[in-house]
file run.txt (compact mmCIF, C-alpha atoms and all ligand atoms)
# COMPACT_ATOMS: atom_id res chain seq x y z
CA MET A 291 70.07 77.31 154.53
CA HIS A 292 72.12 80.43 153.88
CA ASP A 293 73.87 80.01 157.17
CA ALA A 294 74.77 76.43 156.28
CA MET A 295 76.18 77.64 152.95
CA LEU A 296 78.04 80.39 154.73
CA LEU A 297 79.58 77.95 157.15
CA GLY A 298 80.61 75.68 154.29
CA LEU A 299 82.29 78.54 152.50
CA LEU A 300 84.00 79.73 155.61
CA LEU A 301 85.36 76.28 156.25
CA ALA A 302 86.61 76.23 152.67
CA ALA A 303 88.22 79.61 153.26
CA ILE A 304 89.83 78.34 156.43
CA ALA A 305 91.11 75.25 154.67
CA ILE A 306 92.64 77.34 151.89
CA GLY A 307 94.06 79.75 154.43
CA PHE A 308 95.62 77.00 156.48
CA GLY A 309 96.86 75.29 153.36
CA LEU A 310 98.62 78.49 152.37
CA GLY A 311 99.83 79.02 155.91
CA ILE A 312 101.36 75.56 155.98
CA ARG A 313 102.88 76.02 152.52
CA HIS A 314 104.31 79.33 153.58
CA ALA A 315 105.52 77.78 156.84
CA THR A 316 107.27 74.80 155.19
CA ARG A 317 108.81 77.01 152.55
CA ARG A 318 110.02 79.39 155.17
CA SER A 319 111.06 76.85 157.83
CA ARG A 320 114.33 76.44 156.01
CA GLN A 321 114.81 80.14 156.48
CA ALA A 322 113.91 82.22 159.49
CA PRO A 323 110.17 82.27 160.37
CA THR A 324 108.52 85.54 159.27
CA ALA A 325 105.98 87.73 161.00
CA SER A 326 103.41 87.44 158.16
CA SER A 327 102.97 83.67 158.38
CA SER A 328 102.36 83.77 162.11
CA SER A 329 99.93 86.72 161.80
CA LEU A 330 97.98 84.78 159.16
CA SER A 331 97.35 81.88 161.52
CA LYS A 332 96.57 84.27 164.36
CA GLU A 333 93.83 86.00 162.35
CA TYR A 334 92.39 82.62 161.43
CA PHE A 335 92.15 81.71 165.07
CA ILE A 336 90.46 85.02 165.85
CA GLY A 337 88.01 84.42 162.98
CA LEU A 338 87.38 80.87 164.13
CA ASN A 339 86.69 82.18 167.60
CA TYR A 340 84.09 84.61 166.25
CA LEU A 341 82.51 81.81 164.29
CA LEU A 342 82.27 79.59 167.35
CA ASN A 343 80.77 82.50 169.27
CA GLU A 344 78.10 82.76 166.53
CA GLN A 345 79.32 86.13 165.30
CA PRO A 346 79.48 85.31 161.57
CA ASP A 347 79.87 88.96 160.45
CA GLU A 348 82.99 89.51 162.52
CA ALA A 349 84.25 86.08 161.55
CA ILE A 350 83.86 86.86 157.85
CA ASN A 351 85.57 90.24 158.13
CA THR A 352 88.51 88.64 159.89
CA PHE A 353 88.81 85.87 157.34
CA ILE A 354 88.62 88.34 154.46
CA ASN A 355 91.38 90.43 156.00
CA ALA A 356 93.45 87.33 156.54
CA LEU A 357 92.95 85.92 153.04
CA ASP A 358 95.73 87.09 150.82
CA VAL A 359 94.48 87.99 147.38
CA ASN A 360 96.37 85.68 145.06
CA SER A 361 95.46 83.26 142.30
CA ASP A 362 94.61 80.58 144.89
CA THR A 363 92.20 82.66 146.94
CA VAL A 364 90.61 85.01 144.45
CA ASP A 365 87.78 82.57 143.72
CA THR A 366 87.03 82.31 147.45
CA HIS A 367 86.77 86.11 147.61
CA ILE A 368 84.42 86.15 144.63
CA ALA A 369 82.33 83.36 146.15
CA LEU A 370 82.09 85.22 149.47
CA GLY A 371 81.00 88.36 147.64
CA LYS A 372 78.27 86.43 145.82
CA LEU A 373 77.17 84.90 149.09
CA PHE A 374 76.77 88.33 150.70
CA ARG A 375 74.79 89.54 147.72
CA THR A 376 72.38 86.61 147.82
CA ARG A 377 72.00 87.17 151.59
CA GLY A 378 70.84 90.71 150.81
CA GLU A 379 74.08 92.32 151.98
CA ALA A 380 75.23 93.72 148.66
CA ASP A 381 77.12 96.56 150.38
CA LYS A 382 79.53 94.01 151.84
CA ALA A 383 79.83 92.34 148.44
CA VAL A 384 80.77 95.74 146.97
CA SER A 385 83.63 96.18 149.45
CA ILE A 386 84.94 92.66 148.78
CA HIS A 387 84.84 93.16 145.00
CA GLN A 388 86.30 96.68 145.16
CA ASN A 389 89.07 95.34 147.39
CA LEU A 390 89.82 92.72 144.72
CA LEU A 391 89.87 95.29 141.92
CA ALA A 392 92.39 97.37 143.83
CA ARG A 393 94.94 94.54 143.40
CA PRO A 394 97.03 95.15 140.30
CA ALA A 395 98.10 91.50 140.13
CA LEU A 396 94.70 90.21 138.95
CA SER A 397 94.69 88.55 135.56
CA ARG A 398 92.70 90.32 132.84
CA SER A 399 89.90 87.75 132.78
CA THR A 400 89.60 87.72 136.60
CA ASN A 401 89.49 91.50 136.61
CA GLN A 402 86.60 91.44 134.11
CA ASN A 403 84.83 88.77 136.09
CA VAL A 404 85.08 90.86 139.27
CA GLN A 405 83.80 93.94 137.42
CA LEU A 406 80.75 91.95 136.33
CA GLU A 407 80.20 90.86 139.93
CA LEU A 408 80.51 94.45 141.11
CA ALA A 409 77.91 95.53 138.53
CA ARG A 410 75.59 92.83 139.90
CA ASP A 411 76.19 94.18 143.44
CA PHE A 412 75.24 97.70 142.34
CA MET A 413 72.13 96.33 140.67
CA ALA A 414 71.18 94.50 143.85
CA LEU A 415 71.63 97.80 145.73
CA GLY A 416 69.39 99.52 143.17
CA VAL A 417 72.21 101.86 142.08
CA HIS A 418 71.50 101.34 138.40
CA ASP A 419 73.53 104.31 137.11
CA ARG A 420 76.77 103.05 138.73
CA ALA A 421 76.13 99.55 137.39
CA GLN A 422 75.48 101.00 133.91
CA ARG A 423 78.70 103.05 133.95
CA LEU A 424 80.70 100.02 135.02
CA LEU A 425 79.17 97.85 132.29
CA HIS A 426 79.75 100.50 129.60
CA SER A 427 83.40 100.78 130.60
CA LEU A 428 83.70 96.98 130.59
CA LEU A 429 82.29 96.94 127.06
CA GLU A 430 84.74 99.64 125.97
CA GLN A 431 87.68 97.56 127.18
CA SER A 432 87.36 95.31 124.10
CA SER A 433 86.90 92.36 126.45
CA GLY A 434 86.47 88.71 125.50
CA GLU A 435 83.21 87.76 123.78
CA GLU A 436 82.01 85.79 126.81
CA TYR A 437 82.31 88.82 129.13
CA ARG A 438 80.89 91.18 126.55
CA TYR A 439 77.74 89.06 126.22
CA ALA A 440 77.36 88.75 130.00
CA ALA A 441 77.85 92.53 130.34
CA LYS A 442 75.26 93.21 127.65
CA GLN A 443 72.76 90.90 129.32
CA LEU A 444 73.20 92.75 132.62
CA LEU A 445 72.92 96.08 130.84
CA VAL A 446 69.71 95.00 129.17
CA ASP A 447 68.36 93.83 132.52
CA ILE A 448 68.87 97.36 133.89
CA LEU A 449 67.39 98.98 130.77
CA GLU A 450 64.32 96.74 131.09
CA ARG A 451 63.87 97.78 134.73
CA GLU A 452 64.18 101.41 133.64
CA LYS A 453 61.71 100.75 130.78
CA GLU A 454 64.25 101.99 128.23
CA TRP A 455 63.00 99.64 125.53
CA GLN A 456 64.67 101.25 122.52
CA ASN A 457 68.08 101.27 124.26
CA ALA A 458 67.66 97.63 125.28
CA PHE A 459 66.81 96.75 121.69
CA ASP A 460 69.82 98.66 120.33
CA VAL A 461 72.19 96.78 122.68
CA ILE A 462 70.89 93.34 121.70
CA GLN A 463 70.05 93.82 118.02
CA PRO A 464 73.60 93.06 116.70
CA LEU A 465 73.61 89.82 118.76
CA LEU A 466 70.29 88.38 117.59
CA LYS A 467 71.87 86.16 114.93
CA GLN A 468 74.31 84.46 117.31
CA HIS A 469 71.91 84.45 120.27
CA PRO A 470 68.46 83.45 119.00
CA GLY A 471 67.31 83.14 122.63
CA MET A 472 67.23 86.94 122.77
CA ARG A 473 64.67 87.16 119.97
CA ARG A 474 61.70 86.73 122.25
CA PRO A 475 62.67 89.48 124.75
CA ALA A 476 63.51 91.76 121.80
CA SER A 477 60.07 91.15 120.27
CA HIS A 478 58.46 92.17 123.57
CA TRP A 479 60.54 95.37 123.74
CA LEU A 480 59.19 96.21 120.29
CA CYS A 481 55.65 95.56 121.58
CA GLU A 482 56.36 97.90 124.51
CA LEU A 483 57.52 100.55 122.03
CA ALA A 484 54.41 99.94 119.91
CA GLN A 485 52.19 100.46 122.95
CA GLU A 486 53.94 103.77 123.66
CA GLU A 487 53.37 104.80 120.03
CA ILE A 488 49.69 103.82 120.24
CA GLN A 489 49.32 106.02 123.32
CA GLN A 490 50.81 108.90 121.35
CA SER A 491 48.49 108.11 118.42
CA SER A 492 51.38 107.15 116.10
CA ARG A 493 49.69 104.05 114.75
CA ALA A 494 51.88 103.72 111.66
CA LEU A 495 55.04 103.53 113.81
CA ALA A 496 53.32 101.12 116.19
CA ARG A 497 52.43 98.85 113.27
CA LYS A 498 56.04 98.93 112.08
CA HIS A 499 57.33 97.85 115.51
CA LEU A 500 54.74 95.07 115.73
CA LYS A 501 55.55 93.66 112.30
CA LYS A 502 59.23 93.64 113.23
CA ALA A 503 58.34 91.89 116.50
CA LEU A 504 56.62 89.14 114.52
CA GLN A 505 59.63 88.84 112.22
CA LEU A 506 61.82 88.27 115.26
CA ASP A 507 59.47 85.85 116.96
CA GLU A 508 56.68 84.47 114.81
CA ARG A 509 55.00 83.15 117.97
CA CYS A 510 54.72 86.58 119.58
CA ILE A 511 50.98 86.54 120.29
CA ARG A 512 51.23 89.91 122.00
CA ALA A 513 52.17 91.54 118.67
CA THR A 514 49.27 89.74 116.97
CA LEU A 515 46.82 90.93 119.64
CA LEU A 516 48.03 94.54 119.30
CA LEU A 517 47.84 94.40 115.49
CA ALA A 518 44.27 93.09 115.79
CA GLU A 519 43.42 96.00 118.13
CA LEU A 520 44.84 98.45 115.58
CA GLU A 521 42.70 96.90 112.85
CA MET A 522 39.62 97.19 115.07
CA ASP A 523 40.39 100.86 115.82
CA ASN A 524 40.33 101.45 112.07
CA GLY A 525 37.02 99.63 111.74
CA HIS A 526 38.59 96.68 109.90
CA TYR A 527 36.89 93.93 111.90
CA ASP A 528 37.42 91.19 109.31
CA ARG A 529 41.15 91.87 109.31
CA ALA A 530 41.19 91.91 113.11
CA ILE A 531 39.49 88.48 113.14
CA GLU A 532 41.97 87.22 110.56
CA ARG A 533 44.84 88.33 112.81
CA LEU A 534 43.32 86.75 115.92
CA ASP A 535 42.79 83.53 114.00
CA HIS A 536 46.60 83.09 113.95
CA ILE A 537 46.84 82.92 117.73
CA PRO A 538 45.82 79.25 118.17
CA THR A 539 48.62 78.31 115.74
CA GLN A 540 51.10 80.62 117.46
CA ASP A 541 50.28 79.29 120.93
CA PRO A 542 47.00 77.44 121.66
CA ALA A 543 47.46 78.08 125.39
CA HIS A 544 46.58 81.71 124.69
CA ILE A 545 43.12 81.01 123.22
CA PRO A 546 41.51 82.26 126.49
CA THR A 547 43.62 85.45 126.23
CA MET A 548 42.28 86.35 122.80
CA LEU A 549 38.59 85.50 123.38
CA PRO A 550 37.48 88.97 124.61
CA ALA A 551 39.06 90.65 121.54
CA LEU A 552 37.56 88.02 119.21
CA LYS A 553 34.08 88.56 120.67
CA ARG A 554 34.44 92.34 120.41
CA ALA A 555 35.45 92.10 116.74
CA TYR A 556 32.46 89.92 115.80
CA VAL A 557 29.98 91.96 117.88
CA ARG A 558 31.15 95.24 116.30
CA ASN A 559 30.93 93.58 112.92
CA ASP A 560 27.36 92.61 113.83
CA ASP A 561 28.13 88.96 113.09
CA ILE A 562 27.09 86.82 116.07
CA ALA A 563 26.56 83.80 113.79
CA GLY A 564 30.20 84.17 112.69
CA LEU A 565 31.33 84.27 116.33
CA GLU A 566 29.41 81.09 117.09
CA LYS A 567 30.94 79.30 114.12
CA HIS A 568 34.41 80.48 115.12
CA LEU A 569 33.88 79.32 118.73
CA TYR A 570 32.78 75.85 117.55
CA ARG A 571 36.01 75.64 115.60
CA LEU A 572 38.00 76.58 118.72
CA LEU A 573 36.00 74.11 120.80
CA ASN A 574 37.12 71.26 118.51
CA GLN A 575 40.70 72.49 118.70
CA ALA A 576 40.93 73.13 122.47
CA PRO A 577 37.79 72.71 124.62
CA TYR A 578 38.74 75.34 127.18
CA THR A 579 36.26 76.45 129.84
CA SER A 580 36.20 80.04 128.54
CA VAL A 581 35.27 78.83 125.04
CA ILE A 582 32.49 76.61 126.46
CA VAL A 583 31.07 79.42 128.63
CA MET A 584 31.13 81.95 125.76
CA LEU A 585 29.42 79.47 123.45
CA GLY A 586 26.91 78.55 126.21
CA GLU A 587 26.01 82.23 126.55
CA LEU A 588 25.36 82.53 122.80
CA VAL A 589 23.01 79.53 122.92
CA HIS A 590 21.39 80.97 126.07
CA GLN A 591 20.66 84.31 124.36
CA ARG A 592 19.32 82.76 121.19
CA ASP A 593 17.58 79.53 122.22
CA GLY A 594 16.90 80.08 125.93
CA VAL A 595 18.27 78.69 129.15
CA ASP A 596 17.18 75.06 128.77
CA ALA A 597 18.91 74.71 125.40
CA ALA A 598 22.02 76.27 126.99
CA ILE A 599 21.89 73.74 129.85
CA GLU A 600 21.64 70.86 127.40
CA ARG A 601 24.48 71.99 125.13
CA THR A 602 26.80 73.14 127.95
CA GLY A 603 26.21 69.85 129.73
CA GLU A 604 27.27 67.95 126.58
CA TRP A 605 30.44 69.99 126.12
CA LEU A 606 31.38 69.66 129.78
CA ARG A 607 31.04 65.88 129.57
CA GLU A 608 33.89 65.99 127.04
CA ALA A 609 35.93 68.55 128.98
CA PRO A 610 34.84 68.77 132.63
CA SER A 611 35.96 71.81 134.61
CA LEU A 612 35.14 73.63 137.80
CA GLY A 613 34.44 76.93 136.01
CA GLY A 614 32.15 75.09 133.57
CA LEU A 615 30.24 73.44 136.43
CA ASP A 616 29.86 76.83 138.14
CA TYR A 617 28.41 78.28 134.94
CA LEU A 618 26.06 75.30 134.52
CA LEU A 619 24.75 75.85 138.07
CA ASP A 620 23.99 79.48 137.16
CA LEU A 621 21.97 78.21 134.22
CA TYR A 622 20.03 75.79 136.47
CA VAL A 623 19.24 78.58 138.94
CA GLU A 624 18.07 80.78 136.05
CA SER A 625 15.93 77.95 134.67
CA GLN A 626 14.21 77.45 138.06
CA ARG A 627 13.56 81.19 138.33
CA LEU A 628 11.96 81.21 134.89
CA SER A 629 9.79 78.18 135.72
CA GLY A 630 8.11 80.24 138.46
CA ARG A 631 9.88 79.11 141.63
CA THR A 632 9.97 81.91 144.18
CA SER A 633 13.45 80.86 145.37
CA PRO A 634 15.94 78.39 143.86
CA ASP A 635 16.46 74.87 145.17
CA THR A 636 18.67 75.09 148.31
CA ARG A 637 20.66 72.05 147.09
CA LEU A 638 21.64 74.03 143.98
CA LEU A 639 22.64 76.99 146.12
CA LEU A 640 24.78 74.72 148.28
CA LEU A 641 26.58 73.37 145.21
CA LYS A 642 27.01 76.91 143.91
CA TYR A 643 28.46 77.93 147.28
CA HIS A 644 31.08 75.18 146.96
CA THR A 645 32.09 75.93 143.37
CA GLN A 646 32.41 79.62 144.27
CA ALA A 647 34.52 78.80 147.32
CA LEU A 648 36.81 76.60 145.19
CA LEU A 649 37.13 79.24 142.48
CA LYS A 650 37.74 82.11 144.89
CA ASP A 651 41.33 83.40 145.07
CA ARG A 652 42.31 80.94 142.36
CA PRO A 653 45.04 82.46 140.16
CA ARG A 654 44.14 82.61 136.48
CA HIS A 655 47.67 82.76 135.06
CA ARG A 656 50.91 80.97 135.78
CA CYS A 657 54.52 81.26 134.65
CA ARG A 658 55.47 78.06 132.83
CA ARG A 659 59.08 78.70 133.77
CA CYS A 660 59.09 79.40 137.52
CA GLY A 661 55.51 78.69 138.61
CA PHE A 662 54.73 82.27 139.68
CA SER A 663 50.96 82.73 139.59
CA SER A 664 48.81 85.83 139.30
CA ASP A 665 45.32 86.90 138.46
CA ALA A 666 46.23 89.20 135.59
CA LEU A 667 48.37 88.32 132.57
CA ALA A 668 51.83 89.92 132.69
CA TRP A 669 54.02 89.68 129.59
CA GLN A 670 57.20 89.65 131.69
CA CYS A 671 57.19 87.38 134.73
CA PRO A 672 57.81 89.58 137.80
CA SER A 673 59.53 86.65 139.50
CA CYS A 674 61.90 85.06 136.95
CA ARG A 675 61.83 88.10 134.56
CA ARG A 676 61.34 85.91 131.47
CA TRP A 677 59.15 87.23 128.70
CA GLY A 678 56.08 85.44 127.40
CA THR A 679 56.21 82.61 129.96
CA ILE A 680 53.02 83.56 131.83
CA LYS A 681 50.00 81.86 130.28
CA PRO A 682 46.40 81.17 131.24
CA ILE A 683 45.90 78.20 133.54
CA THR A 684 43.77 75.68 131.66
CA GLY A 685 42.38 72.26 132.52
CA VAL A 686 39.92 71.19 135.23
CA GLU A 687 40.49 74.24 137.44
CA GLY A 688 41.46 76.59 134.65
CA GLU A 689 40.17 79.01 132.10
ZN ZN B 1 58.52 83.17 136.01

call {"tool": "encode", "arguments": {"input": "run.txt", "output": "structure tokens"}}
result
Amino acid sequence: MHDAMLLGLLLAAIAIGFGLGIRHATRRSRQAPTASSSSLSKEYFIGLNYLLNEQPDEAINTFINALDVNSDTVDTHIALGKLFRTRGEADKAVSIHQNLLARPALSRSTNQNVQLELARDFMALGVHDRAQRLLHSLLEQSSGEEYRYAAKQLLVDILEREKEWQNAFDVIQPLLKQHPGMRRPASHWLCELAQEEIQQSSRALARKHLKKALQLDERCIRATLLLAELEMDNGHYDRAIERLDHIPTQDPAHIPTMLPALKRAYVRNDDIAGLEKHLYRLLNQAPYTSVIVMLGELVHQRDGVDAAIERTGEWLREAPSLGGLDYLLDLYVESQRLSGRTSPDTRLLLLKYHTQALLKDRPRHRCRRCGFSSDALAWQCPSCRRWGTIKPITGVEGE
């Protein structure tokens, strides 16, 4: 696929090159033919020869040398640089872009565009400090708003990778009004800062960051979860429950995420009846497997296994799921054990074997943006790098 793209670009480069060659030639045919126009065509033929001999690297180098940098070809150079970078050859992209920057004739906006590309090359090479320096100097050159925003986004990308949350926040904060799309990442940087403060036992500062995070993005469930944890650490279980109760309104898909904290708050508050009532409320709102299983366990502990089988069976009829069926089979096995069987029914064990096989290696979370899936919940998608897009997988095979 990359090779096909490469070939397409090269052919475009050749076409431009020949076009220029012909233009040069016709312009100059009235005068005496010059050495430069004939050397241009010669290099193209050499490049073409490399290409036909399947030596794309040599072919590209020859074409780049042959391509004059002027307003007609500068885009081709930039495109070739990008192509190298996406092929994992950012070092070559660097030399193309540096070669472009060495030309004094570039327009101001092209120069800024090439500097941005060069910063992306350095990032791809992992040389974050050089990319940062370049972006800072670009920002100092009182560039156009469009380039400034692009430069700031790249800068923030580096700062995120370096886990410099406060610096990332400081870069973006003045832009939050014009660019509301940055509010969500900014709220997560504040959550990161809050977590650092919690580790250093500065709870008051952590709380401040979290409240600000919620002001920026009222749907930031991560901030709500952390605030609930802080309440629990202080022994304020009712307040923790009150916080957690916001999560289904903020984002119902995260009900499975908050269940462990909710259970902990009620258990520490010695209020199992309250937990059951709360879970029934959630069940009516979103009958997720994790809610059903938690509720089933409460019935199991209080009224015994047969009552749990009956109730769980009813709930699963409304919202069937593989995880729910697996749990129901556990209850059946337990019921047989209690009724005095020495070993459970082999048919039950066979069904249990199948549900386990189907559940094994099944990811529990998925990015709603790019489809990346993982077992654990990550607040920033490692694949598309968006914040807050990974959510529990729900439904028949889900949580
Ligand atoms: Zn993603």

call {"tool": "closest_residue", "arguments": {"input": "run.txt", "among": "A:Ser477, A:Thr366, A:Gln646, A:Gln431", "to": "Arg398 in chain A", "atoms": "only C-alpha atoms"}}
result
A:Gln431

call {"tool": "residues_around", "arguments": {"input": "run.txt", "residues": "Lys382 in chain A", "least_positions_apart": "6", "cutoff": "12 Å", "atoms": "all atoms listed in the file", "output": "list in words"}}
result
Asp347, Ile350, Asn351, Ile354, His367, Ile368, Leu370, Gly371, Lys372, Leu373, Phe374, Arg375, Thr376, Gln388, Asn389, Leu408, Asp411, Phe412, Ala414 and Leu415 of chain A

call {"tool": "residues_near_ligand", "arguments": {"input": "run.txt", "ligand": "ligand ZN 1 (chain B)", "cutoff": "10 Å", "atoms": "all atoms listed in the file", "output": "PyMOL selection string"}}
result
chain A and resi 656-663+670-680

call {"tool": "residues_around", "arguments": {"input": "run.txt", "residues": "Leu565 in chain A", "least_positions_apart": "5", "cutoff": "8 Å", "atoms": "all atoms listed in the file", "output": "PDB file with C-alpha atoms, keeping the file's coordinate frame"}}
result
ATOM      1  CA  LEU A 552      37.560  88.020 119.210  1.00  0.00           C
ATOM      2  CA  LYS A 553      34.080  88.560 120.670  1.00  0.00           C
ATOM      3  CA  TYR A 556      32.460  89.920 115.800  1.00  0.00           C
ATOM      4  CA  VAL A 557      29.980  91.960 117.880  1.00  0.00           C
TER       5      VAL A 557
END

call {"tool": "residues_around", "arguments": {"input": "run.txt", "residues": "range 593-607 of chain A", "least_positions_apart": "6", "cutoff": "12 Å", "atoms": "all atoms listed in the file", "output": "PyMOL selection string"}}
result
chain A and resi 570+573-574+576-587+613-629+685-686

call {"tool": "atom_distance", "arguments": {"input": "run.txt", "atom1": "CA of Val417 in chain A", "atom2": "CA of Gln405 in chain A"}}
result
14.8 Å

call {"tool": "closest_residue", "arguments": {"input": "run.txt", "among": "A:Glu687, A:Leu424, A:Glu430, A:Cys510", "to": "Lys650 in chain A", "atoms": "all atoms listed in the file"}}
result
A:Glu687

call {"tool": "atom_distance", "arguments": {"input": "run.txt", "atom1": "CA of Leu390 in chain A", "atom2": "CA of Glu333 in chain A"}}
result
19.3 Å

call {"tool": "build_atoms", "arguments": {"input": "run.txt", "residues": "range 636-644 of chain A", "atoms": "all heavy atoms", "output": "tab-separated table (two decimals), keeping the file's coordinate frame"}}
result
chain	number	residue	atom	x	y	z
A	636	THR	N	17.54	74.85	147.39
A	636	THR	CA	18.67	75.09	148.31
A	636	THR	C	19.85	74.16	148.00
A	636	THR	O	20.99	74.51	148.25
A	636	THR	CB	18.25	74.88	149.78
A	636	THR	OG1	17.56	73.64	149.86
A	636	THR	CG2	17.40	76.02	150.29
A	637	ARG	N	19.56	72.97	147.43
A	637	ARG	CA	20.66	72.05	147.09
A	637	ARG	C	21.53	72.66	145.99
A	637	ARG	O	22.75	72.54	145.99
A	637	ARG	CB	20.11	70.70	146.63
A	637	ARG	CG	19.51	69.89	147.77
A	637	ARG	CD	18.75	68.70	147.26
A	637	ARG	NE	17.63	69.10	146.39
A	637	ARG	CZ	16.79	68.25	145.84
A	637	ARG	NH1	16.93	66.95	146.02
A	637	ARG	NH2	15.81	68.69	145.09
A	638	LEU	N	20.88	73.34	145.04
A	638	LEU	CA	21.64	74.03	143.98
A	638	LEU	C	22.50	75.14	144.56
A	638	LEU	O	23.66	75.30	144.20
A	638	LEU	CB	20.67	74.67	142.98
A	638	LEU	CG	20.25	73.89	141.76
A	638	LEU	CD1	19.41	74.78	140.85
A	638	LEU	CD2	21.49	73.40	141.00
A	639	LEU	N	21.90	75.88	145.51
A	639	LEU	CA	22.64	76.99	146.12
A	639	LEU	C	23.84	76.48	146.90
A	639	LEU	O	24.90	77.12	146.91
A	639	LEU	CB	21.72	77.82	147.02
A	639	LEU	CG	20.63	78.60	146.30
A	639	LEU	CD1	19.79	79.42	147.27
A	639	LEU	CD2	21.22	79.50	145.21
A	640	LEU	N	23.66	75.30	147.52
A	640	LEU	CA	24.78	74.72	148.28
A	640	LEU	C	25.92	74.35	147.33
A	640	LEU	O	27.10	74.65	147.59
A	640	LEU	CB	24.30	73.48	149.05
A	640	LEU	CG	25.37	72.79	149.89
A	640	LEU	CD1	25.72	73.65	151.09
A	640	LEU	CD2	24.89	71.41	150.37
A	641	LEU	N	25.55	73.72	146.20
A	641	LEU	CA	26.58	73.37	145.21
A	641	LEU	C	27.28	74.62	144.68
A	641	LEU	O	28.51	74.67	144.55
A	641	LEU	CB	25.95	72.62	144.03
A	641	LEU	CG	25.57	71.17	144.28
A	641	LEU	CD1	24.80	70.62	143.08
A	641	LEU	CD2	26.82	70.32	144.52
A	642	LYS	N	26.48	75.64	144.42
A	642	LYS	CA	27.01	76.91	143.91
A	642	LYS	C	27.98	77.53	144.94
A	642	LYS	O	29.04	78.06	144.58
A	642	LYS	CB	25.84	77.86	143.61
A	642	LYS	CG	26.21	79.23	143.15
A	642	LYS	CD	26.65	79.27	141.71
A	642	LYS	CE	27.18	80.65	141.35
A	642	LYS	NZ	27.92	80.67	140.11
A	643	TYR	N	27.60	77.40	146.21
A	643	TYR	CA	28.46	77.93	147.28
A	643	TYR	C	29.83	77.24	147.21
A	643	TYR	O	30.87	77.89	147.32
A	643	TYR	CB	27.80	77.68	148.65
A	643	TYR	CG	28.70	77.95	149.82
A	643	TYR	CD1	28.89	79.25	150.28
A	643	TYR	CD2	29.40	76.92	150.45
A	643	TYR	CE1	29.73	79.52	151.34
A	643	TYR	CE2	30.26	77.18	151.50
A	643	TYR	CZ	30.42	78.47	151.94
A	643	TYR	OH	31.28	78.73	152.99
A	644	HIS	N	29.81	75.92	146.99
A	644	HIS	CA	31.08	75.18	146.96
A	644	HIS	C	31.92	75.53	145.73
A	644	HIS	O	33.12	75.70	145.84
A	644	HIS	CB	30.82	73.68	147.04
A	644	HIS	CG	30.51	73.23	148.43
A	644	HIS	ND1	31.42	73.29	149.45
A	644	HIS	CD2	29.36	72.76	148.98
A	644	HIS	CE1	30.87	72.86	150.57
A	644	HIS	NE2	29.61	72.53	150.32
